[in-house]
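run.csv (CSV, C-alpha atoms) appears below.
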```
chain,number,residue,atom,x,y,z
A,1,MET,CA,33.4,-180.1,-169.6
A,2,ILE,CA,34.8,-180.8,-166.1
A,3,ASP,CA,37.7,-178.5,-165.2
A,4,LEU,CA,40.1,-180.3,-162.9
A,5,VAL,CA,43.1,-179.3,-160.7
A,6,VAL,CA,45.5,-181.9,-159.6
A,7,VAL,CA,47.3,-181.4,-156.3
A,8,ASP,CA,50.2,-183.7,-155.4
A,9,ASP,CA,53.8,-183.1,-154.5
A,10,ASN,CA,55.0,-186.0,-156.7
A,11,PRO,CA,55.3,-185.1,-160.3
A,12,ILE,CA,55.2,-188.8,-161.3
A,13,VAL,CA,51.8,-189.1,-159.7
A,14,ARG,CA,50.5,-186.0,-161.5
A,15,ALA,CA,51.8,-187.4,-164.8
A,16,ALA,CA,50.0,-190.7,-164.0
A,17,VAL,CA,46.7,-188.8,-163.4
A,18,ARG,CA,47.2,-187.0,-166.7
A,19,GLY,CA,47.7,-190.3,-168.4
A,20,PHE,CA,44.6,-191.9,-166.8
A,21,LEU,CA,42.4,-189.0,-167.9
A,22,ALA,CA,43.9,-188.2,-171.3
A,23,ALA,CA,41.2,-190.1,-173.2
A,24,ALA,CA,38.3,-188.4,-171.5
A,25,SER,CA,36.5,-186.0,-173.7
A,26,ASP,CA,34.6,-184.4,-170.9
A,27,VAL,CA,37.5,-183.7,-168.4
A,28,ARG,CA,40.4,-181.3,-168.8
A,29,ILE,CA,43.2,-180.6,-166.4
A,30,VAL,CA,43.4,-176.8,-166.0
A,31,GLY,CA,46.1,-176.6,-163.3
A,32,GLU,CA,48.5,-178.5,-161.1
A,33,ALA,CA,49.9,-177.7,-157.6
A,34,SER,CA,52.6,-179.4,-155.5
A,35,ASP,CA,51.4,-178.3,-152.0
A,36,GLY,CA,48.4,-177.1,-150.2
A,37,ARG,CA,49.3,-173.4,-150.1
A,38,GLU,CA,49.9,-173.4,-153.9
A,39,ALA,CA,46.6,-175.3,-154.3
A,40,LEU,CA,44.7,-172.6,-152.4
A,41,ARG,CA,46.1,-169.9,-154.7
A,42,LEU,CA,45.4,-171.9,-157.9
A,43,VAL,CA,41.9,-173.1,-157.0
A,44,THR,CA,40.8,-169.6,-155.7
A,45,SER,CA,41.8,-168.2,-159.1
A,46,LEU,CA,40.6,-171.0,-161.4
A,47,ARG,CA,37.5,-172.2,-159.6
A,48,PRO,CA,37.7,-175.8,-161.1
A,49,HIS,CA,34.7,-178.1,-160.8
A,50,VAL,CA,36.8,-180.8,-159.1
A,51,THR,CA,40.2,-180.8,-157.3
A,52,LEU,CA,42.1,-184.0,-156.8
A,53,LEU,CA,43.8,-183.5,-153.5
A,54,ASP,CA,46.7,-185.6,-151.9
A,55,TYR,CA,47.1,-185.7,-148.1
A,56,ARG,CA,50.8,-185.9,-147.5
A,57,MET,CA,52.5,-182.8,-149.0
A,58,PRO,CA,55.0,-180.2,-147.9
A,59,VAL,CA,54.2,-176.7,-146.8
A,60,ALA,CA,50.5,-177.5,-146.2
A,61,ASP,CA,49.0,-180.9,-146.3
A,62,GLY,CA,45.6,-181.8,-147.8
A,63,LEU,CA,43.9,-182.0,-144.4
A,64,SER,CA,44.9,-178.5,-143.5
A,65,VAL,CA,43.4,-176.9,-146.6
A,66,VAL,CA,40.5,-179.2,-147.6
A,67,GLY,CA,38.0,-176.9,-145.8
A,68,ASP,CA,39.1,-173.8,-147.5
A,69,LEU,CA,39.4,-175.5,-150.9
A,70,SER,CA,35.9,-176.9,-150.6
A,71,ALA,CA,34.5,-173.4,-150.6
A,72,HIS,CA,35.6,-173.0,-154.2
A,73,THR,CA,35.6,-176.5,-155.7
A,74,ARG,CA,34.4,-180.1,-155.1
A,75,ILE,CA,37.2,-182.2,-153.6
A,76,LEU,CA,38.2,-185.7,-154.5
A,77,ALA,CA,40.9,-187.0,-152.2
A,78,LEU,CA,43.5,-189.0,-154.1
A,79,THR,CA,46.1,-190.5,-151.8
A,80,SER,CA,47.8,-193.6,-150.5
A,81,ASP,CA,47.0,-192.7,-146.8
A,82,THR,CA,44.5,-195.1,-145.2
A,83,ASP,CA,44.7,-193.8,-141.6
A,84,PRO,CA,41.1,-193.6,-140.3
A,85,GLU,CA,41.7,-190.2,-138.8
A,86,THR,CA,42.9,-188.9,-142.1
A,87,VAL,CA,40.0,-190.4,-144.0
A,88,SER,CA,37.5,-189.0,-141.5
A,89,GLY,CA,39.1,-185.6,-141.4
A,90,MET,CA,39.1,-185.2,-145.2
A,91,LEU,CA,35.5,-186.2,-145.4
A,92,ARG,CA,34.4,-184.0,-142.5
A,93,GLY,CA,36.4,-181.2,-144.1
A,94,GLY,CA,34.3,-181.3,-147.3
A,95,ALA,CA,35.8,-183.9,-149.5
A,96,GLY,CA,33.1,-185.6,-151.7
A,97,GLY,CA,35.2,-188.6,-152.4
A,98,TYR,CA,38.3,-190.5,-151.2
A,99,LEU,CA,40.3,-192.7,-153.5
A,100,VAL,CA,43.2,-194.8,-152.2
A,101,TRP,CA,46.0,-195.7,-154.6
A,102,GLY,CA,45.9,-199.4,-155.3
A,103,GLN,CA,42.2,-199.7,-154.7
A,104,PHE,CA,40.9,-198.4,-158.0
A,105,ARG,CA,41.3,-198.8,-161.7
A,106,PRO,CA,42.0,-195.9,-164.2
A,107,ASP,CA,38.3,-196.1,-165.3
A,108,ASP,CA,37.3,-195.8,-161.6
A,109,LEU,CA,39.2,-192.5,-161.3
A,110,LEU,CA,37.3,-191.1,-164.3
A,111,ASP,CA,33.9,-192.3,-162.9
A,112,ALA,CA,34.8,-190.8,-159.5
A,113,VAL,CA,35.7,-187.4,-161.0
A,114,ARG,CA,32.4,-187.3,-162.9
A,115,GLU,CA,30.4,-188.4,-159.8
A,116,VAL,CA,31.9,-185.9,-157.5
A,117,ALA,CA,31.6,-183.1,-160.2
A,118,ALA,CA,27.8,-183.9,-160.3
A,119,GLY,CA,27.6,-183.5,-156.5
A,120,GLY,CA,27.8,-187.2,-155.6
A,121,SER,CA,30.3,-189.2,-153.7
A,122,TRP,CA,32.8,-192.0,-154.3
A,123,LEU,CA,34.9,-193.9,-151.8
A,124,SER,CA,37.5,-196.6,-152.1
A,125,PRO,CA,36.7,-199.7,-150.0
A,126,THR,CA,39.0,-198.6,-147.1
A,127,ALA,CA,37.4,-195.1,-147.0
A,128,ALA,CA,33.9,-196.6,-147.2
A,129,SER,CA,34.7,-198.8,-144.2
A,130,VAL,CA,35.9,-195.9,-142.2
A,131,ALA,CA,32.8,-193.9,-143.0
A,132,VAL,CA,30.6,-196.8,-142.1
A,133,THR,CA,32.4,-197.3,-138.8
A,134,ALA,CA,32.1,-193.6,-137.9
A,135,LEU,CA,28.4,-193.6,-138.7
A,136,ARG,CA,27.7,-196.7,-136.6
A,137,ARG,CA,29.7,-195.1,-133.7
A,138,HIS,CA,27.2,-192.3,-133.6
A,139,GLU,CA,24.0,-194.4,-133.9
A,140,PRO,CA,22.1,-195.2,-130.7
A,141,PRO,CA,22.3,-198.9,-130.1
A,142,PRO,CA,19.0,-200.8,-130.2
A,143,ASP,CA,17.4,-201.8,-126.9
A,144,ASP,CA,17.5,-205.5,-127.7
A,145,THR,CA,17.6,-208.0,-130.5
A,146,ARG,CA,13.8,-207.8,-131.0
A,147,ASP,CA,14.1,-204.0,-131.7
A,148,ARG,CA,16.9,-204.7,-134.2
A,149,ASP,CA,14.9,-207.3,-136.0
A,150,LEU,CA,11.8,-205.1,-136.2
A,151,ALA,CA,13.9,-202.2,-137.6
A,152,ARG,CA,15.3,-204.5,-140.2
A,153,ARG,CA,12.0,-205.9,-141.3
A,154,SER,CA,10.6,-202.3,-141.5
A,155,ALA,CA,13.5,-201.3,-143.8
A,156,LEU,CA,13.0,-204.4,-146.0
A,157,ARG,CA,9.4,-203.5,-146.4
A,158,ARG,CA,10.2,-199.8,-147.1
A,159,TYR,CA,12.6,-200.5,-149.9
A,160,GLY,CA,11.3,-203.9,-151.1
A,161,LEU,CA,14.8,-205.5,-150.8
A,162,SER,CA,15.0,-209.3,-150.8
A,163,ARG,CA,16.9,-211.1,-148.1
A,164,ARG,CA,19.7,-211.8,-150.5
A,165,GLU,CA,19.9,-208.1,-151.5
A,166,GLN,CA,20.0,-207.2,-147.9
A,167,GLU,CA,22.9,-209.6,-147.3
A,168,VAL,CA,24.8,-208.2,-150.2
A,169,LEU,CA,24.3,-204.6,-149.0
A,170,ASP,CA,25.4,-205.4,-145.5
A,171,LEU,CA,28.6,-206.9,-146.7
A,172,LEU,CA,29.1,-204.0,-149.1
A,173,GLY,CA,29.0,-201.8,-146.0
A,174,THR,CA,32.1,-203.5,-144.6
A,175,GLY,CA,34.2,-202.4,-147.6
A,176,LEU,CA,34.2,-205.7,-149.4
A,177,THR,CA,34.6,-205.8,-153.2
A,178,ASN,CA,32.0,-207.6,-155.4
A,179,ALA,CA,34.3,-210.6,-155.8
A,180,ALA,CA,34.8,-210.8,-152.0
A,181,ILE,CA,31.1,-210.6,-151.4
A,182,GLY,CA,30.5,-213.3,-153.9
A,183,ARG,CA,33.0,-215.6,-152.1
A,184,ARG,CA,31.3,-214.9,-148.8
A,185,LEU,CA,27.8,-215.7,-150.1
A,186,GLY,CA,28.7,-218.4,-152.6
A,187,LEU,CA,27.8,-216.3,-155.6
A,188,THR,CA,29.5,-215.3,-158.8
A,189,GLU,CA,30.8,-211.7,-159.1
A,190,LYS,CA,28.3,-211.1,-161.9
A,191,THR,CA,25.4,-212.2,-159.7
A,192,VAL,CA,26.6,-209.8,-157.0
A,193,LYS,CA,26.8,-207.0,-159.5
A,194,ASN,CA,23.2,-207.8,-160.6
A,195,HIS,CA,22.0,-207.8,-157.0
A,196,LEU,CA,23.7,-204.4,-156.5
A,197,ASN,CA,22.1,-202.9,-159.6
A,198,HIS,CA,18.7,-203.9,-158.2
A,199,VAL,CA,19.6,-202.5,-154.8
A,200,PHE,CA,20.6,-199.1,-156.3
A,201,ALA,CA,17.3,-198.9,-158.2
A,202,LYS,CA,15.2,-199.7,-155.2
A,203,LEU,CA,17.1,-197.3,-152.9
A,204,GLY,CA,17.1,-194.6,-155.5
A,205,VAL,CA,20.9,-194.1,-155.4
A,206,GLN,CA,23.6,-194.0,-158.0
A,207,ASN,CA,26.6,-195.8,-156.5
A,208,ARG,CA,28.0,-198.0,-153.7
A,209,THR,CA,28.8,-195.2,-151.3
A,210,GLU,CA,25.3,-193.6,-151.4
A,211,ALA,CA,23.7,-197.1,-151.0
A,212,VAL,CA,25.7,-197.9,-147.9
A,213,LEU,CA,25.3,-194.6,-146.2
A,214,LEU,CA,21.5,-194.5,-146.9
A,215,TRP,CA,21.1,-198.1,-145.6
A,216,LEU,CA,23.1,-197.5,-142.4
A,217,ASN,CA,21.7,-194.0,-141.7
A,218,HIS,CA,18.0,-194.9,-142.1
A,219,ASP,CA,17.6,-198.6,-141.7
A,220,HIS,CA,19.3,-199.6,-138.5
```
Give the structure from the file, written as structure tokens.
Amino acid sequence: MIDLVVVDDNPIVRAAVRGFLAAASDVRIVGEASDGREALRLVTSLRPHVTLLDYRMPVADGLSVVGDLSAHTRILALTSDTDPETVSGMLRGGAGGYLVWGQFRPDDLLDAVREVAAGGSWLSPTAASVAVTALRRHEPPPDDTRDRDLARRSALRRYGLSRREQEVLDLLGTGLTNAAIGRRLGLTEKTVKNHLNHVFAKLGVQNRTEAVLLWLNHDH
């Protein structure tokens, strides 16, 4: 059973989360808070497996408490804020996932809670794009095109990815959905999903975020 605390100053949002997770037999909401200071008291006391944390709140916002909270619980940011500095700050502060309202379905929220509870990560497309951009910013640029091509061929041999799988993975790293990747490559959404399943198996990862971060961190 995954114990969950929901932190958001909007009671309508908290009610929506309860509704989304009501049918889950392995998740229970054990507490709710309306600001960061209240969240710290509650989480320190309850020690939930996962805390859903909004960014914009009175008294103390999510960014100001994410570091302290992450010492007691795994954090899944759940917010409408897409500012790159906010996304980066929450992830650097210890959030294991970042969901943006309007960029996920109710089933995705449940999957994200389970993934973060298990120690994994889950990012909405906007958050994934920010993470990828930040990672690329810290990578030393290749000396020339030949070095870049050699690095890519080495990565393909290491993981056994096909050229098409590589193309799908590269587009995934830009934050595109499966449907958008399909339109870009002239493939059906189902075909893109099949390619991604093969990619996950070859890379030894569980989800889109882990695949993108592994690919960018080790293969370029």
Checklist entry - Smallest atom-to-atom distance to A:Val5: which of A:Val50, A:Arg37, A:Val17, A:Asp107, using all atoms listed in the file? => result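 Between A:Val50, A:Arg37, A:Val17, A:Asp107, the residue approaching A:Val5 most closely is A:Val50.
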Next on the checklist: (39.1, -184.6, -154.7) in this file's frame - what residues fall within 8 Å of it? Use only C-alpha atoms and give the answer as number ranges by chain.
Outcome noted: A: 50-53, 74-78, 95-98, 113, 116
Resulting file, chosen residues, C-alpha atoms, as an mmCIF file, in the coordinates of the input:
```cif
data_model
loop_
_atom_site.group_PDB
_atom_site.id
_atom_site.type_symbol
_atom_site.label_atom_id
_atom_site.label_comp_id
_atom_site.auth_asym_id
_atom_site.auth_seq_id
_atom_site.Cartn_x
_atom_site.Cartn_y
_atom_site.Cartn_z
ATOM 1 C CA VAL A 50 36.800 -180.800 -159.100
ATOM 2 C CA THR A 51 40.200 -180.800 -157.300
ATOM 3 C CA LEU A 52 42.100 -184.000 -156.800
ATOM 4 C CA LEU A 53 43.800 -183.500 -153.500
ATOM 5 C CA ARG A 74 34.400 -180.100 -155.100
ATOM 6 C CA ILE A 75 37.200 -182.200 -153.600
ATOM 7 C CA LEU A 76 38.200 -185.700 -154.500
ATOM 8 C CA ALA A 77 40.900 -187.000 -152.200
ATOM 9 C CA LEU A 78 43.500 -189.000 -154.100
ATOM 10 C CA ALA A 95 35.800 -183.900 -149.500
ATOM 11 C CA GLY A 96 33.100 -185.600 -151.700
ATOM 12 C CA GLY A 97 35.200 -188.600 -152.400
ATOM 13 C CA TYR A 98 38.300 -190.500 -151.200
ATOM 14 C CA VAL A 113 35.700 -187.400 -161.000
ATOM 15 C CA VAL A 116 31.900 -185.900 -157.500
#
```
Next on the checklist: Calculated over only C-alpha atoms, which of the candidates A:Gln206, A:Thr73, A:Thr191, A:Ser34 has the smallest distance to A:Pro48?
Outcome noted: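 Under the stated criterion, the closest residue is A:Thr73.
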Next on the checklist: Report, in Å with one decimal, the straight-line distance from atom CA of A:Val66 to atom CA of A:Asp9.
Outcome noted: 15.5 Å
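The gap separating atom CA of A:Val43 from atom CA of A:Val100 is 22.3 Å, in Å to one decimal.
For the residues A:Val168, A:Phe20, A:Ala118, A:Pro11, ranking by smallest atom-to-atom distance to A:Leu187 using only C-alpha atoms places A:Val168 first.
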Item to check | Close residues, A:Val59 itself excluded, 9 Å, only C-alpha atoms, min 6 positions apart in chain, as a ChimeraX atom specification | outcome: /A:35-38
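Here atom CA of A:Ile29 is placed at a distance of 8.4 Å from atom CA of A:Ile2.
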Next on the checklist: For A:Gln166, find every residue with an atom within 9 Å (counting all atoms listed in the file), except residues of its own chain fewer than 4 positions away, and show them as a ChimeraX atom specification.
Outcome noted: /A:156,161-162,170-171,199
Checklist entry - Got a sec: who's within 10 Å of A:Asn178, counting only C-alpha atoms, leaving out chain neighbours fewer than 3 positions off, as a list in words? => result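 Selected residues are Val168, Leu171, Leu172, Gly175, Ile181, Gly182, Arg183, Arg184, Leu187, Thr188, Glu189, Lys190, Thr191, Val192, Lys193 and Leu196 of chain A.
Of the residues listed (A:His49, A:Phe200, A:Arg14, A:Tyr159), A:His49 shows the shortest atom-to-atom separation from A:Gly119; distances use all atoms listed in the file.
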